[in-house]
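Trainee: I'd like to ask you about the structure that follows.
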Amino acid sequence: MSLDPRLPFLAELERKILWLSTWTIHNANHLRESSDGLKVGGHQASSASLATILTALYMAVLRPEDRVAVKPHASPIFHAIQYLLGNQTRENLETFRGYKGAQSYPSRTKDADDVDFSTGSVGLGVAQTLFASLVQDYVKAHGWAPDRPEGRMIALVGDAEMDEGNIFEALLEGWKQGVRNTWWIIDYNRQSLDAVIREGLYARFEAIFRAFGWDVVTLKYGSLQEAAFAEPGGERLRAWIDTCPNQLYSALTFQGGAAWRKRLLDDLGDQGPVTRIIESRSDEELGRLMGNLGGHDLPNLIKAFEGIDHDRPVMFLAYTIKGHGLPLAGHKDNHAGLLTPAQLAAYQASAGVRPGHEWDRFEGLNLPSAEMERFLSEVPFNARGRRRFTAPAVPVPAELAVPKQAAMSTQQGFGLILNELARSSEPLAERIVTTAPDVTVSTNLGAWVNRRGLFARQELKDLFKAERIPSTFTWDFSPKGQHIELGIAEMNLFILLSGLGLSHSLFGERLIPIGTLYDPFIARGLDALNYACYQDSRFILVATPSGVTLAPEGGAHQSIGTPLIGLAQDGLAAFEPAFVDELAVILRFAFDYVQRYGEGEPNERSWLRDETGGAVYLRLSTRTLDQPTRAMTPELSRDIVDGAYWMRKPGPNAQVVVAYTGALAPEAIEAVGLMAEDRRDVGLLAVTSADRLNAGWTAAQRARERGIVHARSHIERLLDDLPPNCALVTVLDGHPATLAWLGSVRGHRTRSLGVEHFGQTGTLQDLYRHFGIDAQGIAAAAETIAPGRPIRHLRAVP
C-alpha cells in the first residue's frame with residue numbers, strides 16, 4: 001500500500017503546531033511584561049494531547065461546511081493552526097490571554113480567527129454541535145439553501161469534560177430528534193484537572209453512546225504499536241497495555257524509555273519473543289512506541305475520520321497522553337503546569353527552532369518552505385477563507401395586532417399575537433421557529449403549533465386526530481413544521497436556542513427563534529443562557545408564568561431573582577410588560593432587534609446600543625388584568641421600548657411617585673388612588689424594562705464623564721421635573737433590588753418593595769399582603785418616607 005502523500009507534510013505541521021502552541025503559552029507567562037503579577041496560564045499539557053487530532057482534522061479531513069467546537073484548553077493549538085492558515089496574526093498570538101489578544105478559550109465574538117462555536121463553559125460547546133446539527137436539518141427540511149452541502153458538526157471533548165450532565169441531557173434529546181452529521185471526539189488522556197480518571201471509563205462511554213444509537217470508533221493503538229503487535233510476542237505486549245492501570249501508564253510515560261524498559265522486562269521478561277520486542281528498541285524508540293496511542297497517530301486518525309461514509313452520529317474514543325511531546329507528558333500534576341525556562345530551552349533545541357525565530361511559520365521544519373506553503377494553500381478546510389455567512393433581515397410588520405379583549409394576561413396575549421402571525425402570510429411568520437421544554441401548551445404556544453405544526457424530518461400524523469378522538473391540540477409532525485418540542489431540560493432549550501439564533505451565520509439562513517419556559521426555571525439553564533449570549537446568538541425568550549403572582553403553585557414555582565438576571569445578563573434585553581398592548585409593541589421591537597448587527601455610537605436619545613441588537617427576554621404573567629383602552633401613539637410606543645412611561649404624570653408639587661413593573665399594575669393604581677385622598681400630584685410610572693432604563697442611565701453617565709455634557713438618558717428625562725423632596729416607592733412581584741436604583745438617578749428618597757424570600761401557596765391577596773406589595777402595603781410604604789394626612793382604612797405595616 002502506497003504511503004499517503006499528505007503524511008510527510010502533516011507530520012511536519014503537527015510538530016510545528018505543538019511548538020507554536022507551547023511557545024505562545026510560554027511567551028505569555030515568562031517573557032511578556034506583567035503589570036499585575038498574576039499567572040497567565042494556558043494549559044500546555046491539555047493542548048498537547050490534541051495536537052495530532054486537530055492537525056489531522058484541520059489540515060486534511062475538514063471541509064468548509066464542517067463546524068467545530070474545540071476543547072477549551074486546546075485553544076492555543078487552534079490559534080496556532082489558524083496562524084499557519086493565515087487566519088490569525090502573530091500580534092494576537094503574542095498577546096494570548098492579554099487585552100484584545102487571542103482568547104484563553106475559543107470565542108466567536110472575541111477572537112479574530114475563524115471560531116465556529118465559543119467554548120469555555122465546560123460541556124456546552126459539545127452539546128452545541130448536536131443542536132447545531134438539528135438546526136442544519138431544520139434549514140434543509142424547509143427547502144432553504146438546497147445546494148449548500150451538509151456539514152458535520154464536530155466537538156473535541158476532554159474525557160473529564162464528559163462528567164458534565166448537560167452532555168447526557170443532549171445525548172437523550174439527540175436520540176429523540178434523530179440527530180445526524182455529528183462527531184464527538186473524546187480526548188481520552190485519562191487525566192482530569194486534579195487526578196487520573198477512573199479505570200474502565202472507556203467501556204461506560206462506549207455503552208452509553210451505543211445505547212443512544214451512535215456509532216463508536218475506538219482509536220487505541222497507533223501504527224507503531226500495531227506493527228509491534230504483529231511481531232512474534234506482540235499479543236502479549238498488547239495484553240499488557242490493555243490491562244495497565246491508567247496511573248501506571250501515565251507515570252511510566254512521564255519517566256520515559258528507561259522506566260518503560262524496566263517495567264516491561266519485570267512484567268514480561270524471559271518470555272522469548274516479547275523480550276526481543278523490548279530489547280530490539282533503544283530507550284528513545286521504546287518510549288516512542290509506548291506513547292504511540294491512537295490519538296497521536298496521523299495515519300490511523302485520517303483513516304478513521306475519512307472512513308466515515310454515512311451521516312449517523314459517531315463517537316471517536318481517541319486514546320491520548322496529556323502533554324504528549326513535552327517534558328511534562330503523563331505527570332498527574334500537569335494540567336495547569338508550565339514548562340520551566342530550562343525545559344522550554346531544551347524543547348526548543350530539539351524542535352530545531354533558532355532563538356529569535358520562534359514565531360517563524362516554517363522554522364525548524366524538514367521540508368522546503370515553498371512546498372509547505374503550497375500544501376497549506378490547498379488545505380480543503382481553508383479553501384473559501386472565513387466561513388461566516390450572512391443573511392438578509394426578515395421584514396417585520398409595522399405593528400402587531402393587539403387582541404381585542406377587555407381582560408387578558410400577558411401570557412394569553414402572547415399566544416393570541418403569535419396565533420395571528422401564524423394565520424398571516426407575513427415573511428416573518430415563515431422564519432419563526434418555536435421551542436419549549438415540554439411546556440408548549442402551558443406557555444400558550446398551542447395555537448401557534450396547531451397552525452404551524454411540529455418539526456420532524458419524517459412526517460407523523462396525530463393519531464388522536466386520526467382516531468377522531470376530540471382534542472384541543474393537533475400534534476402533526478412534518479419536515480415543514482415550525483415548532484421543535486423538547487423534553488424537560490432547560491439546558492437543552494437554551495443550547496438549541498443558541499444554535500437556532502446562529503443559523504444565519506452557520507448556515508446562511510435567518511431564523512427567528514422563540515423559546516418558552518416557566519420563569520423560575522431559567523436558573524436551571526442559566527449557564528447555557530449565558531453561553532448563548534456570549535456567542536451573540538439571537539433569540540426571544542418568553543418566560544411565563546412568573547413571580548409570586550403564580551400564587552397557588554407555591555415557593556418552588558414563584559420566581560424571585562429572575563428580574564435581576566434580566567438586569568445583569570449581557571447580550572439580553574429584558575422586558576416585563578403589564579398590558580398586552582405594551583407586549584405587542586415590545587414583541588414587534590424584539591423581532592427587529594434580534595436581527596440587528598450594526599456598529600457605531602449609542603443613540604443619543606436613549607443611550608442604548610440598539611443598533612448592535614441582541615437577544616430578548618420577556619417576563620410574562622398568567623394574571624388576568626383589565627386592559628387599557630388607549631391609542632398607541634408613536635411617543636408611547638417609543639417610551640415602552642425605552643423602558644418606562646408615565647401612566648399618571650406627576651404634578652409640580654408631587655410628594656410621591658409609585659413605580660411598578662408587570663403584574664402589580666392594579667395594586668400600584670389602587671395605591672395611587674388611596675394616596676390621592678390626602679396628596680395631590682401623585683405620579684405613577686409604568687416600568688416596562690428595568691434593564692433598558694438602567695443600561696441607558698449608566699451609558700449616559702459614562703458619556704458625560706467623557707465630556708459629552710448634554711447626554712441624558714430616558715429615565716433621567718422622565719424624572720427631571722420631580723421636586724427634590726419627592727419620594728419614590730417601587731414595587732414588583734420579584735426582587736426589590738430590580739428597581740431600587742431608581743432613587744439614585746436624581747437623589748430621591750426611595751422605598752423598594754418586592755419579594756426577598758420563598759413564598760408559599762395561597763391566593764394573590766394572601767401573598768401580596770404577606771409580602772407588603774398590595775395596595776395598602778404600597779401606600780403604607782409611601783407614608784413612611786413621605787408622610788401626609790393619615791389615610792383612612794390604611795392597614796398598619798406588618
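If you're wondering about the labels, chains in the C-alpha cells are A, B, ... by order shown, residues count from 1 in each chain, ligands from 1 in order shown.
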Got a sec to tell me which of segment 247-427 of chain A DSSP assigns to helix (DSSP H, G or I), as a PyMOL selection string?
Mentor: chain A and resi 247-255+257-268+273-279+283-290+294-296+298-306+341-350+369-377+380-382+410-423+427
Trainee: Can you pull out every residue within 8 Å of segment 161-168 of chain A, counting only C-alpha atoms, but drop anything in the same chain fewer than 6 positions away, and send it as a PyMOL selection string?
Mentor: chain A and resi 122-124+126-127+491-492
Trainee: From the set A:Gly101, A:Pro545, A:Gly272, A:Gly508, which residue has the shortest atom-to-atom contact distance to Arg148 of chain A, counting only C-alpha atoms?
Mentor: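 Under the stated criterion, the closest residue is A:Gly508.
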Trainee: Set out as JSON lines a contact list for segment 611-730 of chain A and segment 510-514 of chain A with a cut-off of 10 Å, giving each residue of segment 611-730 of chain A that qualifies its closest atom pair and distance in Å to one decimal, counting only C-alpha atoms, ordered by chain and rising residue number.
Mentor:
```
{"residue": "A:Ala615", "atom": "CA", "partner": "A:Pro513", "partner_atom": "CA", "distance": 9.8}
{"residue": "A:Val616", "atom": "CA", "partner": "A:Ile514", "partner_atom": "CA", "distance": 9.5}
{"residue": "A:Tyr617", "atom": "CA", "partner": "A:Ile514", "partner_atom": "CA", "distance": 9.9}
```
Trainee: Write a file of the selected residues as a JSON list (two decimals), in the first residue's frame, keeping C-alpha atoms.
Mentor:
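Saved file out.json follows:
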```
[["chain", "number", "residue", "atom", "x", "y", "z"],
["A", 615, "ALA", "CA", -31.39, 38.52, 22.39],
["A", 616, "VAL", "CA", -34.62, 39.44, 24.21],
["A", 617, "TYR", "CA", -36.18, 38.16, 27.45]]
```
Trainee: In terms of the shortest atom-to-atom distance over only C-alpha atoms, which of A:Lys303, A:Val70, A:Trp359, A:Asp333 is closest to Lys16 of chain A?
Mentor: A:Trp359
Trainee: Please identify all polymer residues within 12 Å of Asn189 of chain A, counting only C-alpha atoms, omitting same-chain residues fewer than 2 positions from it, and present them as a PyMOL selection string.
Mentor: chain A and resi 45-50+157-161+185-187+191-193+195-198+201-202+219-220+246-247+249-250+253+291+293-296+317-324+329-332+334-335
